[in-house]
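To keep things clear, I will list the structure first and then write my remarks on it.
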Amino acid sequence: MKKLLYSLILVFTLSTTVNAKSAINDKPKTELTAEQKVELQSITKRVEEIRSMDRSTLTKTERKALRKEVKELKKRADFLNQNVTLSLGAIIIILLLLIIIL
């Protein structure tokens with residue numbers, strides 16, 4: 001029973017994500033360039049097109065391709081907005097490594 005409880009806690013902590021954004025902005029956020037703004041607008045327009053689509057008529061492979069495209073667009077948009085996401089498990093591992101090293 002203890003092994004099951006420990007493994008569930010481990011799975012929960014490793015699967016939880018935390019948005020690693022600083023509460024205090026040490027450096028001012030840089031404005032997006034005109035090219036980046038255009039790219040961000042095209043990404044949002046494409047995502048809106050995909051969401052408004054009638055996906056019930058698509059085949060399984062087409063739906064899978066759309067899902068993959070949306071994920072790639074989200075990654076690109078996060079990169080443009082300079083968002084960084086770390087999992088809680090990664091943060092714990094980093095802290096443990098720092099404790100061991102120091």
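Identifiers in the structure tokens: chain A, B, ... in order shown; residue index from 1 per chain; ligand index from 1 in order shown.
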
Checklist entry - Can you list every residue in chain A that DSSP puts in strand (DSSP E), as a ChimeraX atom specification? => result /A:17-19,85-87

Could you please take those selected residues and save N, CA and C atoms as an mmCIF file, in the first residue's frame?
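Saved to again-v1.cif:
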data_model
loop_
_atom_site.group_PDB
_atom_site.id
_atom_site.type_symbol
_atom_site.label_atom_id
_atom_site.label_comp_id
_atom_site.auth_asym_id
_atom_site.auth_seq_id
_atom_site.Cartn_x
_atom_site.Cartn_y
_atom_site.Cartn_z
ATOM 1 N N THR A 17 2.840 20.962 -13.765
ATOM 2 C CA THR A 17 3.685 21.986 -14.364
ATOM 3 C C THR A 17 3.484 23.304 -13.637
ATOM 4 N N VAL A 18 4.531 24.105 -13.675
ATOM 5 C CA VAL A 18 4.509 25.423 -13.048
ATOM 6 C C VAL A 18 5.006 26.428 -14.072
ATOM 7 N N ASN A 19 4.308 27.540 -14.178
ATOM 8 C CA ASN A 19 4.763 28.589 -15.066
ATOM 9 C C ASN A 19 5.877 29.344 -14.363
ATOM 10 N N THR A 85 8.097 27.379 -19.497
ATOM 11 C CA THR A 85 7.331 26.517 -18.610
ATOM 12 C C THR A 85 8.229 25.388 -18.133
ATOM 13 N N LEU A 86 8.289 25.199 -16.822
ATOM 14 C CA LEU A 86 9.047 24.104 -16.230
ATOM 15 C C LEU A 86 8.097 23.226 -15.426
ATOM 16 N N SER A 87 8.338 21.935 -15.474
ATOM 17 C CA SER A 87 7.508 21.045 -14.669
ATOM 18 C C SER A 87 7.989 21.084 -13.228
#

Item to check | Pick from A:Ile94, A:Ile43, A:Met53, A:Met1, whichever lies nearest to Asp78 of chain A using only C-alpha atoms | outcome: A:Ile43

Checklist entry - If you count only C-alpha atoms, which residues fall within 10 Å of Arg67 of chain A, apart from same-chain ones fewer than 6 positions away, as number ranges by chain? => result A: 50, 61, 73

Only N, CA, C and O atoms, please: the residues just picked out, written as an mmCIF file, in the first residue's frame.
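As a result, again_24.cif now contains:
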data_model
loop_
_atom_site.group_PDB
_atom_site.id
_atom_site.type_symbol
_atom_site.label_atom_id
_atom_site.label_comp_id
_atom_site.auth_asym_id
_atom_site.auth_seq_id
_atom_site.Cartn_x
_atom_site.Cartn_y
_atom_site.Cartn_z
ATOM 1 N N ILE A 50 -8.796 26.712 -37.667
ATOM 2 C CA ILE A 50 -8.843 25.296 -37.315
ATOM 3 C C ILE A 50 -9.965 25.037 -36.325
ATOM 4 O O ILE A 50 -10.701 24.049 -36.444
ATOM 5 N N THR A 61 -6.466 10.534 -39.578
ATOM 6 C CA THR A 61 -5.125 11.065 -39.850
ATOM 7 C C THR A 61 -5.151 12.578 -40.053
ATOM 8 O O THR A 61 -4.217 13.277 -39.635
ATOM 9 N N LEU A 73 1.986 25.382 -33.545
ATOM 10 C CA LEU A 73 1.658 26.808 -33.536
ATOM 11 C C LEU A 73 1.704 27.369 -32.124
ATOM 12 O O LEU A 73 2.157 28.491 -31.897
#

Next on the checklist: I need the residues in chain A that are helix (DSSP H, G or I) according to DSSP; give them as a ChimeraX atom specification.
Outcome noted: /A:2-15,34-52,55-57,60-81,88-101

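Close contacts of Ala77 of chain A, defined as residues with an atom at most 10 Å away when counting only C-alpha atoms, with chain neighbours fewer than 3 positions off set aside, comprise Gln36, Glu39, Leu40, Gln41, Ile43, Thr44, Lys71, Glu72, Leu73, Lys74, Leu80, Asn81, Gln82 and Asn83 of chain A.
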
Can you write just those residues out, all heavy atoms, as a short mmCIF file (atom, residue, chain, number, x, y, z; two decimals), in the first residue's frame?
data_model
loop_
_atom_site.label_atom_id
_atom_site.label_comp_id
_atom_site.auth_asym_id
_atom_site.auth_seq_id
_atom_site.Cartn_x
_atom_site.Cartn_y
_atom_site.Cartn_z
N GLN A 36 7.41 39.97 -36.03
CA GLN A 36 6.90 39.04 -35.02
C GLN A 36 5.40 39.26 -34.79
O GLN A 36 4.66 38.30 -34.59
CB GLN A 36 7.66 39.22 -33.71
CG GLN A 36 9.09 38.73 -33.78
CD GLN A 36 9.87 39.04 -32.52
OE1 GLN A 36 9.55 39.97 -31.79
NE2 GLN A 36 10.91 38.26 -32.28
N GLU A 39 3.62 37.64 -37.65
CA GLU A 39 3.66 36.18 -37.49
C GLU A 39 2.68 35.73 -36.41
O GLU A 39 1.97 34.73 -36.58
CB GLU A 39 5.08 35.72 -37.15
CG GLU A 39 5.21 34.22 -37.12
CD GLU A 39 6.64 33.77 -36.88
OE1 GLU A 39 7.54 34.62 -36.79
OE2 GLU A 39 6.84 32.55 -36.79
N LEU A 40 2.62 36.46 -35.31
CA LEU A 40 1.70 36.12 -34.23
C LEU A 40 0.25 36.25 -34.67
O LEU A 40 -0.59 35.41 -34.35
CB LEU A 40 1.98 37.00 -33.01
CG LEU A 40 1.34 36.58 -31.69
CD1 LEU A 40 1.79 35.19 -31.29
CD2 LEU A 40 1.69 37.57 -30.60
N GLN A 41 -0.05 37.26 -35.45
CA GLN A 41 -1.40 37.42 -35.98
C GLN A 41 -1.76 36.29 -36.94
O GLN A 41 -2.89 35.78 -36.91
CB GLN A 41 -1.55 38.77 -36.69
CG GLN A 41 -1.59 39.95 -35.76
CD GLN A 41 -1.64 41.26 -36.50
OE1 GLN A 41 -1.48 41.31 -37.72
NE2 GLN A 41 -1.85 42.35 -35.76
N ILE A 43 -0.55 33.29 -36.85
CA ILE A 43 -0.71 32.08 -36.03
C ILE A 43 -2.10 32.06 -35.40
O ILE A 43 -2.80 31.04 -35.45
CB ILE A 43 0.39 32.00 -34.95
CG1 ILE A 43 1.74 31.66 -35.59
CG2 ILE A 43 0.05 30.97 -33.88
CD1 ILE A 43 2.91 31.75 -34.64
N THR A 44 -2.51 33.19 -34.82
CA THR A 44 -3.83 33.22 -34.18
C THR A 44 -4.94 33.06 -35.21
O THR A 44 -5.95 32.39 -34.93
CB THR A 44 -4.03 34.53 -33.41
OG1 THR A 44 -3.80 35.63 -34.28
CG2 THR A 44 -3.11 34.62 -32.20
N LYS A 71 -0.39 22.21 -31.96
CA LYS A 71 0.66 22.15 -30.95
C LYS A 71 1.90 22.91 -31.40
O LYS A 71 2.52 23.63 -30.61
CB LYS A 71 1.03 20.69 -30.65
CG LYS A 71 0.01 19.97 -29.82
CD LYS A 71 0.45 18.55 -29.55
CE LYS A 71 -0.61 17.78 -28.79
NZ LYS A 71 -0.20 16.38 -28.53
N GLU A 72 2.27 22.75 -32.66
CA GLU A 72 3.44 23.48 -33.17
C GLU A 72 3.20 24.98 -33.19
O GLU A 72 4.09 25.77 -32.86
CB GLU A 72 3.78 22.98 -34.58
CG GLU A 72 4.35 21.58 -34.60
CD GLU A 72 4.51 21.03 -36.01
OE1 GLU A 72 4.21 21.77 -36.98
OE2 GLU A 72 4.93 19.88 -36.13
N LEU A 73 1.99 25.38 -33.55
CA LEU A 73 1.66 26.81 -33.54
C LEU A 73 1.70 27.37 -32.12
O LEU A 73 2.16 28.49 -31.90
CB LEU A 73 0.28 27.04 -34.16
CG LEU A 73 0.16 26.82 -35.67
CD1 LEU A 73 -1.28 26.92 -36.10
CD2 LEU A 73 1.03 27.79 -36.43
N LYS A 74 1.25 26.59 -31.15
CA LYS A 74 1.28 27.04 -29.75
C LYS A 74 2.73 27.20 -29.27
O LYS A 74 3.07 28.17 -28.60
CB LYS A 74 0.54 26.05 -28.85
CG LYS A 74 0.48 26.50 -27.40
CD LYS A 74 -0.26 25.50 -26.58
CE LYS A 74 -0.39 25.88 -25.12
NZ LYS A 74 0.58 26.75 -24.54
N LEU A 80 7.47 33.29 -29.27
CA LEU A 80 7.39 34.71 -29.59
C LEU A 80 7.07 35.55 -28.36
O LEU A 80 7.57 36.66 -28.21
CB LEU A 80 6.34 34.95 -30.68
CG LEU A 80 6.72 34.49 -32.08
CD1 LEU A 80 5.55 34.65 -33.02
CD2 LEU A 80 7.92 35.24 -32.60
N ASN A 81 6.22 35.02 -27.47
CA ASN A 81 5.86 35.75 -26.26
C ASN A 81 6.88 35.55 -25.15
O ASN A 81 6.73 36.09 -24.07
CB ASN A 81 4.48 35.32 -25.76
CG ASN A 81 3.39 35.81 -26.67
OD1 ASN A 81 3.53 36.84 -27.31
ND2 ASN A 81 2.31 35.07 -26.75
N GLN A 82 7.89 34.75 -25.39
CA GLN A 82 8.99 34.48 -24.46
C GLN A 82 8.49 33.86 -23.15
O GLN A 82 8.91 34.24 -22.07
CB GLN A 82 9.79 35.75 -24.19
CG GLN A 82 10.40 36.34 -25.43
CD GLN A 82 11.02 37.68 -25.20
OE1 GLN A 82 10.86 38.29 -24.15
NE2 GLN A 82 11.74 38.16 -26.18
N ASN A 83 7.57 32.90 -23.25
CA ASN A 83 7.09 32.18 -22.08
C ASN A 83 7.97 30.95 -21.86
O ASN A 83 8.34 30.27 -22.80
CB ASN A 83 5.64 31.72 -22.26
CG ASN A 83 4.68 32.86 -22.20
OD1 ASN A 83 5.01 33.92 -21.70
ND2 ASN A 83 3.49 32.66 -22.72
#
